[in-house]
Every structure is written in structure tokens, then in C-alpha cells.
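A.B. asks: File my_file.txt follows (compact mmCIF, N, CA and C atoms and all ligand atoms):
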# COMPACT_ATOMS: atom_id res chain seq x y z
N MET N 623 4.10 -11.32 10.38
CA MET N 623 3.19 -10.32 9.83
C MET N 623 3.88 -9.53 8.72
N ILE N 624 5.07 -9.08 9.01
CA ILE N 624 5.82 -8.29 8.02
C ILE N 624 6.11 -9.15 6.80
N SER N 625 6.52 -10.40 7.02
CA SER N 625 6.87 -11.23 5.88
C SER N 625 5.63 -11.56 5.05
N LEU N 626 4.48 -11.64 5.67
CA LEU N 626 3.25 -11.87 4.91
C LEU N 626 2.99 -10.68 3.99
N HIS N 627 3.24 -9.52 4.51
CA HIS N 627 3.06 -8.30 3.71
C HIS N 627 4.03 -8.31 2.52
N ASP N 628 5.28 -8.71 2.77
CA ASP N 628 6.27 -8.79 1.69
C ASP N 628 5.81 -9.73 0.59
N LEU N 629 5.30 -10.88 1.01
CA LEU N 629 4.84 -11.87 0.03
C LEU N 629 3.69 -11.32 -0.81
N ASP N 630 2.78 -10.64 -0.14
CA ASP N 630 1.64 -10.07 -0.87
C ASP N 630 2.13 -9.04 -1.88
N THR N 631 3.14 -8.29 -1.50
CA THR N 631 3.71 -7.30 -2.41
C THR N 631 4.32 -8.01 -3.62
N MET N 632 5.02 -9.10 -3.38
CA MET N 632 5.63 -9.86 -4.48
C MET N 632 4.55 -10.41 -5.42
N ILE N 633 3.47 -10.91 -4.83
CA ILE N 633 2.39 -11.46 -5.65
C ILE N 633 1.77 -10.35 -6.50
N ALA N 634 1.59 -9.18 -5.90
CA ALA N 634 1.03 -8.05 -6.64
C ALA N 634 1.99 -7.63 -7.75
N ASP N 635 3.29 -7.65 -7.45
CA ASP N 635 4.30 -7.26 -8.44
C ASP N 635 4.29 -8.18 -9.65
N LEU N 636 3.97 -9.43 -9.42
CA LEU N 636 3.98 -10.40 -10.53
C LEU N 636 2.97 -10.03 -11.61
N GLY N 637 1.98 -9.25 -11.25
CA GLY N 637 1.00 -8.80 -12.22
C GLY N 637 1.56 -7.74 -13.16
N ARG N 638 2.70 -7.17 -12.79
CA ARG N 638 3.27 -6.10 -13.61
C ARG N 638 4.20 -6.67 -14.68
N ALA N 639 4.06 -6.15 -15.87
CA ALA N 639 4.76 -6.71 -17.02
C ALA N 639 6.29 -6.70 -16.87
N ASP N 640 6.84 -5.62 -16.34
CA ASP N 640 8.30 -5.54 -16.26
C ASP N 640 8.86 -6.61 -15.33
N ILE N 641 8.16 -6.87 -14.24
CA ILE N 641 8.60 -7.90 -13.31
C ILE N 641 8.45 -9.28 -13.97
N ARG N 642 7.40 -9.43 -14.74
CA ARG N 642 7.17 -10.69 -15.43
C ARG N 642 8.36 -11.06 -16.31
N GLN N 643 8.88 -10.09 -16.99
CA GLN N 643 10.03 -10.35 -17.86
C GLN N 643 11.25 -10.77 -17.05
N GLN N 644 11.45 -10.13 -15.92
CA GLN N 644 12.56 -10.51 -15.05
C GLN N 644 12.44 -11.97 -14.63
N GLU N 645 11.23 -12.36 -14.25
CA GLU N 645 11.01 -13.73 -13.80
C GLU N 645 11.29 -14.71 -14.93
N GLU N 646 10.89 -14.35 -16.14
CA GLU N 646 11.13 -15.22 -17.28
C GLU N 646 12.63 -15.39 -17.50
N GLY N 647 13.36 -14.31 -17.26
CA GLY N 647 14.82 -14.36 -17.38
C GLY N 647 15.42 -15.36 -16.41
N LEU N 648 14.75 -15.61 -15.32
CA LEU N 648 15.24 -16.56 -14.32
C LEU N 648 14.84 -17.99 -14.65
N GLY N 649 14.10 -18.16 -15.75
CA GLY N 649 13.70 -19.50 -16.15
C GLY N 649 12.45 -20.00 -15.46
N LEU N 650 11.79 -19.10 -14.79
CA LEU N 650 10.57 -19.49 -14.09
C LEU N 650 9.43 -18.70 -14.73
N SER N 651 8.40 -19.38 -15.19
CA SER N 651 7.30 -18.64 -15.81
C SER N 651 6.55 -17.86 -14.75
N PRO N 652 5.95 -16.75 -15.12
CA PRO N 652 5.23 -15.93 -14.13
C PRO N 652 4.16 -16.75 -13.41
N ASP N 653 3.50 -17.62 -14.15
CA ASP N 653 2.45 -18.41 -13.51
C ASP N 653 3.02 -19.37 -12.49
N GLN N 654 4.15 -19.98 -12.83
CA GLN N 654 4.81 -20.88 -11.87
C GLN N 654 5.23 -20.10 -10.62
N ALA N 655 5.80 -18.94 -10.87
CA ALA N 655 6.26 -18.11 -9.75
C ALA N 655 5.09 -17.76 -8.86
N LEU N 656 3.96 -17.45 -9.47
CA LEU N 656 2.77 -17.07 -8.73
C LEU N 656 2.27 -18.24 -7.87
N VAL N 657 2.30 -19.43 -8.45
CA VAL N 657 1.88 -20.62 -7.72
C VAL N 657 2.80 -20.85 -6.53
N GLU N 658 4.12 -20.71 -6.78
CA GLU N 658 5.08 -20.92 -5.69
C GLU N 658 4.87 -19.91 -4.57
N LEU N 659 4.67 -18.67 -4.95
CA LEU N 659 4.44 -17.62 -3.94
C LEU N 659 3.16 -17.89 -3.18
N GLY N 660 2.15 -18.37 -3.90
CA GLY N 660 0.88 -18.69 -3.26
C GLY N 660 1.05 -19.76 -2.20
N LYS N 661 1.86 -20.76 -2.51
CA LYS N 661 2.13 -21.85 -1.55
C LYS N 661 2.84 -21.30 -0.33
N MET N 662 3.86 -20.46 -0.58
CA MET N 662 4.61 -19.87 0.53
C MET N 662 3.67 -19.07 1.43
N ARG N 663 2.73 -18.39 0.78
CA ARG N 663 1.78 -17.56 1.53
C ARG N 663 0.91 -18.44 2.43
N ASP N 664 0.41 -19.55 1.88
CA ASP N 664 -0.43 -20.45 2.67
C ASP N 664 0.30 -20.94 3.91
N VAL N 665 1.56 -21.31 3.73
CA VAL N 665 2.35 -21.82 4.86
C VAL N 665 2.51 -20.73 5.91
N LEU N 666 2.77 -19.53 5.44
CA LEU N 666 2.98 -18.40 6.34
C LEU N 666 1.71 -18.06 7.12
N VAL N 667 0.59 -18.03 6.40
CA VAL N 667 -0.69 -17.71 7.04
C VAL N 667 -0.98 -18.74 8.13
N GLU N 668 -0.71 -19.98 7.81
CA GLU N 668 -0.94 -21.07 8.75
C GLU N 668 -0.08 -20.88 10.01
N SER N 669 1.18 -20.51 9.83
CA SER N 669 2.08 -20.37 10.98
C SER N 669 1.67 -19.16 11.82
N ILE N 670 1.19 -18.11 11.17
CA ILE N 670 0.72 -16.94 11.92
C ILE N 670 -0.50 -17.31 12.74
N ARG N 671 -1.41 -18.04 12.11
CA ARG N 671 -2.61 -18.47 12.83
C ARG N 671 -2.25 -19.24 14.08
N LYS N 672 -1.30 -20.16 13.92
CA LYS N 672 -0.90 -20.98 15.07
C LYS N 672 -0.31 -20.12 16.16
N ARG N 673 0.50 -19.14 15.77
CA ARG N 673 1.15 -18.27 16.74
C ARG N 673 0.11 -17.48 17.52
N TRP N 674 -0.85 -16.88 16.79
CA TRP N 674 -1.87 -16.10 17.47
C TRP N 674 -2.79 -16.98 18.28
N TYR N 675 -3.02 -18.17 17.75
CA TYR N 675 -3.87 -19.11 18.47
C TYR N 675 -3.23 -19.47 19.80
N ALA N 676 -1.93 -19.69 19.80
CA ALA N 676 -1.20 -20.03 21.02
C ALA N 676 -1.24 -18.85 21.99
N LEU N 677 -1.05 -17.66 21.45
CA LEU N 677 -1.09 -16.46 22.28
C LEU N 677 -2.47 -16.29 22.90
N TYR N 678 -3.48 -16.49 22.06
CA TYR N 678 -4.86 -16.38 22.51
C TYR N 678 -5.11 -17.33 23.68
N GLY N 679 -4.62 -18.55 23.55
CA GLY N 679 -4.77 -19.55 24.61
C GLY N 679 -4.11 -19.12 25.91
N GLN N 680 -2.90 -18.57 25.77
CA GLN N 680 -2.15 -18.11 26.96
C GLN N 680 -2.89 -17.00 27.67
N ILE N 681 -3.34 -16.00 26.90
CA ILE N 681 -4.00 -14.85 27.51
C ILE N 681 -5.34 -15.26 28.12
N SER N 682 -6.08 -16.12 27.41
CA SER N 682 -7.38 -16.57 27.93
C SER N 682 -7.23 -17.25 29.27
N SER N 683 -6.21 -18.10 29.38
CA SER N 683 -6.07 -18.84 30.63
C SER N 683 -5.63 -17.91 31.76
N ARG N 684 -4.96 -16.82 31.41
CA ARG N 684 -4.51 -15.89 32.44
C ARG N 684 -5.62 -14.94 32.89
N TYR N 685 -6.35 -14.40 31.90
CA TYR N 685 -7.33 -13.35 32.23
C TYR N 685 -8.79 -13.74 32.05
N GLY N 686 -9.02 -14.77 31.25
CA GLY N 686 -10.42 -15.07 30.93
C GLY N 686 -10.84 -14.42 29.62
N ASN N 687 -10.68 -13.09 29.54
CA ASN N 687 -10.99 -12.41 28.28
C ASN N 687 -9.71 -12.01 27.55
N ALA N 688 -9.45 -12.66 26.44
CA ALA N 688 -8.19 -12.45 25.74
C ALA N 688 -8.28 -11.30 24.74
N VAL N 689 -9.48 -11.07 24.24
CA VAL N 689 -9.64 -10.04 23.22
C VAL N 689 -10.55 -8.95 23.76
N VAL N 690 -10.05 -7.73 23.82
CA VAL N 690 -10.84 -6.64 24.41
C VAL N 690 -10.86 -5.44 23.47
N PRO N 691 -11.98 -4.69 23.47
CA PRO N 691 -12.02 -3.49 22.64
C PRO N 691 -11.25 -2.33 23.28
N VAL N 692 -10.84 -1.40 22.44
CA VAL N 692 -10.23 -0.17 22.93
C VAL N 692 -11.36 0.84 23.14
N VAL N 693 -11.46 1.35 24.34
CA VAL N 693 -12.51 2.32 24.65
C VAL N 693 -11.85 3.61 25.10
N GLN N 694 -12.15 4.68 24.40
CA GLN N 694 -11.56 6.00 24.68
C GLN N 694 -10.05 5.92 24.85
N ASN N 695 -9.42 5.29 23.86
CA ASN N 695 -7.96 5.16 23.80
C ASN N 695 -7.36 4.31 24.92
N ARG N 696 -8.21 3.60 25.63
CA ARG N 696 -7.69 2.74 26.69
C ARG N 696 -7.99 1.28 26.38
N CYS N 697 -7.07 0.43 26.76
CA CYS N 697 -7.28 -1.00 26.71
C CYS N 697 -8.37 -1.29 27.73
N SER N 698 -9.48 -1.92 27.33
CA SER N 698 -10.55 -2.14 28.31
C SER N 698 -10.29 -3.36 29.17
N GLY N 699 -9.14 -4.00 28.98
CA GLY N 699 -8.76 -5.10 29.86
C GLY N 699 -8.08 -4.59 31.12
N CYS N 700 -7.11 -3.68 30.95
CA CYS N 700 -6.35 -3.19 32.11
C CYS N 700 -6.50 -1.69 32.29
N PHE N 701 -7.25 -1.03 31.39
CA PHE N 701 -7.53 0.41 31.46
C PHE N 701 -6.29 1.29 31.33
N THR N 702 -5.27 0.75 30.68
CA THR N 702 -4.08 1.56 30.42
C THR N 702 -4.32 2.40 29.18
N MET N 703 -3.90 3.64 29.23
CA MET N 703 -3.96 4.54 28.08
C MET N 703 -2.96 4.03 27.04
N LEU N 704 -3.44 3.87 25.81
CA LEU N 704 -2.55 3.36 24.77
C LEU N 704 -1.78 4.51 24.11
N PRO N 705 -0.58 4.21 23.63
CA PRO N 705 0.21 5.27 22.97
C PRO N 705 -0.53 5.80 21.73
N THR N 706 -0.37 7.06 21.47
CA THR N 706 -1.03 7.69 20.33
C THR N 706 -0.70 6.99 19.02
N SER N 707 0.54 6.55 18.88
CA SER N 707 0.96 5.90 17.63
C SER N 707 0.15 4.64 17.36
N VAL N 708 -0.24 3.96 18.43
CA VAL N 708 -1.05 2.75 18.27
C VAL N 708 -2.48 3.14 17.93
N ASN N 709 -2.98 4.16 18.62
CA ASN N 709 -4.36 4.56 18.44
C ASN N 709 -4.68 5.13 17.07
N TYR N 710 -3.74 5.81 16.49
CA TYR N 710 -4.06 6.48 15.25
C TYR N 710 -3.46 5.82 14.02
N ALA N 711 -2.91 4.63 14.16
CA ALA N 711 -2.39 3.93 12.98
C ALA N 711 -3.58 3.62 12.07
N GLY N 712 -3.45 3.94 10.79
CA GLY N 712 -4.56 3.77 9.86
C GLY N 712 -5.00 2.33 9.71
N ASP N 713 -4.05 1.43 9.84
CA ASP N 713 -4.35 0.01 9.61
C ASP N 713 -4.53 -0.73 10.92
N ARG N 714 -4.95 0.00 11.95
CA ARG N 714 -4.92 -0.58 13.30
C ARG N 714 -5.71 -1.86 13.45
N ASN N 715 -6.79 -2.02 12.67
CA ASN N 715 -7.55 -3.27 12.81
C ASN N 715 -7.12 -4.32 11.79
N GLU N 716 -6.17 -3.98 10.94
CA GLU N 716 -5.79 -4.93 9.91
C GLU N 716 -4.76 -5.93 10.39
N GLN N 717 -4.07 -5.60 11.46
CA GLN N 717 -3.18 -6.58 12.03
C GLN N 717 -3.50 -6.80 13.49
N VAL N 718 -3.05 -7.93 13.98
CA VAL N 718 -3.34 -8.24 15.37
C VAL N 718 -2.43 -7.37 16.24
N ARG N 719 -3.02 -6.65 17.17
CA ARG N 719 -2.24 -5.83 18.08
C ARG N 719 -2.51 -6.26 19.51
N THR N 720 -1.54 -6.08 20.34
CA THR N 720 -1.73 -6.45 21.74
C THR N 720 -1.44 -5.24 22.63
N CYS N 721 -2.07 -5.22 23.77
CA CYS N 721 -1.81 -4.18 24.76
C CYS N 721 -0.40 -4.39 25.30
N SER N 722 0.38 -3.32 25.34
CA SER N 722 1.77 -3.48 25.78
C SER N 722 1.87 -3.71 27.27
N ILE N 723 0.82 -3.45 28.02
CA ILE N 723 0.86 -3.65 29.47
C ILE N 723 0.37 -5.04 29.87
N CYS N 724 -0.86 -5.38 29.47
CA CYS N 724 -1.41 -6.66 29.93
C CYS N 724 -1.25 -7.77 28.88
N GLY N 725 -0.99 -7.41 27.63
CA GLY N 725 -0.76 -8.42 26.60
C GLY N 725 -2.02 -8.92 25.94
N ARG N 726 -3.19 -8.42 26.32
CA ARG N 726 -4.42 -8.84 25.68
C ARG N 726 -4.44 -8.38 24.22
N ILE N 727 -5.17 -9.12 23.40
CA ILE N 727 -5.34 -8.72 22.01
C ILE N 727 -6.40 -7.62 21.98
N ILE N 728 -6.06 -6.49 21.36
CA ILE N 728 -6.98 -5.35 21.36
C ILE N 728 -7.50 -5.06 19.96
N TYR N 729 -8.70 -4.53 19.91
CA TYR N 729 -9.27 -4.10 18.62
C TYR N 729 -10.08 -2.84 18.80
N TRP N 730 -10.30 -2.16 17.68
CA TRP N 730 -11.06 -0.90 17.73
C TRP N 730 -12.46 -1.17 17.20
N ALA N 731 -13.44 -0.77 17.97
CA ALA N 731 -14.82 -1.09 17.61
C ALA N 731 -15.42 -0.07 16.64
N ASP N 732 -14.80 1.10 16.51
CA ASP N 732 -15.42 2.14 15.66
C ASP N 732 -15.14 1.94 14.17
ZN ZN U 801 -4.20 -3.92 28.64
Kindly return the structure encoded in the file as C-alpha cells.
C.D. replies:
Amino acid sequence: MISLHDLDTMIADLGRADIRQQEEGLGLSPDQALVELGKMRDVLVESIRKRWYALYGQISSRYGNAVVPVVQNRCSGCFTMLPTSVNYAGDRNEQVRTCSICGRIIYWAD
């Protein structure tokens, strides 16, 4: 997840002129660099999907319901109160999060 974010940052940086010049200094055209980064991103996204897919399979076979909503700051799978830091993270639905107690994948419905 973190490395995907890094790659996206690099791709965004390539749009900036000063970075473009640096890349040219390395003998790689900005467009080539962008294509290479795009490929790396595809591979990474694929590996993340597989990882979550495997996790999803494990949790489903254990509990039946692998993905549960957070209701009133509690994991609705095991009813454990979630830490405040998890509940109030601004990007909480942008990445896959799991309940630290039961391991189910959790999401916020609001
Ligand atoms: Zn839970």
C-alpha cells in the first residue's frame, strides 16, 4: 500500500518541469519514465489485489462475513471498539483496513 502511494507520487512528480529535466539528465525521456512507472504500478496493483484476495478468502472461510461495516466506532463483526486513530483517519475508506481483533476487513458506511 505504501509503495503504491510512493509510485503515484513519482508519477505525479513527472508532470513537474524541474523533475522532467532531472530525468532527461539520466538519459531517460520523461515519457519513457512515465511508461516504466506505469508498468511498475500495474504490477504492484495486481500483487496487492492478490494479497487482499487471499486475505478475503481466509477471513470468509473462518467467519462467513469477511467485510463488515463500522457501526458506532465498533467493528460489527466482533463488536470491538476501534481505536480513535483508526476511526478518525481522513482516508479511512481509501485503503483496506482490518479489525485488529478479529481481522475482518472493515469499512465506514457514512
Ligand atoms: Zn472485529
A.B. asks: Point out the residue among N:Gly699, N:Pro652, N:Pro705, N:Gly679 with the least atom-to-atom distance to ligand ZN 801 (chain U), counting only C-alpha atoms and all ligand atoms.
C.D. replies: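 Of all the options, N:Gly699 lies closest to ligand ZN 801 (chain U).
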A.B. asks: Between atom C of Val689 of chain N and atom N of Val708 of chain N, what distance in Å does the model show, to one decimal?
C.D. replies: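 For atom C of Val689 of chain N relative to atom N of Val708 of chain N, the distance reads 17.4 Å.
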A.B. asks: One decimal, in Å: what's the spacing between atom C of Val692 of chain N and atom N of Tyr678 of chain N?
C.D. replies: 19.1 Å
A.B. asks: What is the distance between atom C of Ser669 of chain N and atom C of Ser683 of chain N, in Å to one decimal?
C.D. replies: 21.3 Å
A.B. asks: Find the spatial neighbours of segment 715-723 of chain N, counting only N, CA and C atoms, within a cut-off of 8 Å - ignore same-chain residues fewer than 4 positions away - and output them as a ChimeraX atom specification.
C.D. replies: /N:623,697,700,702,704-705,711,727-730
A.B. asks: With distances taken over all atoms listed in the file, which residue among N:Leu629, N:Leu666, N:Ala688, N:Cys724 lies nearest ligand ZN 801 (chain U)?
C.D. replies: N:Cys724
A.B. asks: Measuring atom to atom with all atoms listed in the file, identify which of N:Asp628, N:Ala731, N:Phe701, N:Ser707 is nearest to ligand ZN 801 (chain U).
C.D. replies: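 With all atoms listed in the file as the atom set, the closest residue is N:Phe701.
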A.B. asks: Given only C-alpha atoms as the basis, pick out the residue of N:Arg726, N:Leu677, N:Arg714, N:Met632 nearest to Glu658 of chain N.
C.D. replies: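 Checking each of N:Arg726, N:Leu677, N:Arg714, N:Met632 against Glu658 of chain N, counting only C-alpha atoms, the winner is N:Met632.
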A.B. asks: Hey, which of N:Thr706, N:Met662, N:Asp635, N:Val693 ends up closest to ligand ZN 801 (chain U)? Count only C-alpha atoms and all ligand atoms.
C.D. replies: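 Of N:Thr706, N:Met662, N:Asp635, N:Val693, the one nearest ligand ZN 801 (chain U) is N:Val693, counting only C-alpha atoms and all ligand atoms.
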A.B. asks: When DSSP is applied to the backbone of this structure, which of segment 646-728 of chain N are assigned helix (DSSP H, G or I)? Write them out as a ChimeraX atom specification.
C.D. replies: /N:646-647,652-685,706-709
A.B. asks: Counting all atoms listed in the file, which of N:Gly725, N:Asp630, N:Ser698, N:Val690 gets nearest to Arg663 of chain N?
C.D. replies: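 Comparing N:Gly725, N:Asp630, N:Ser698, N:Val690 against Arg663 of chain N, the winner is N:Asp630.
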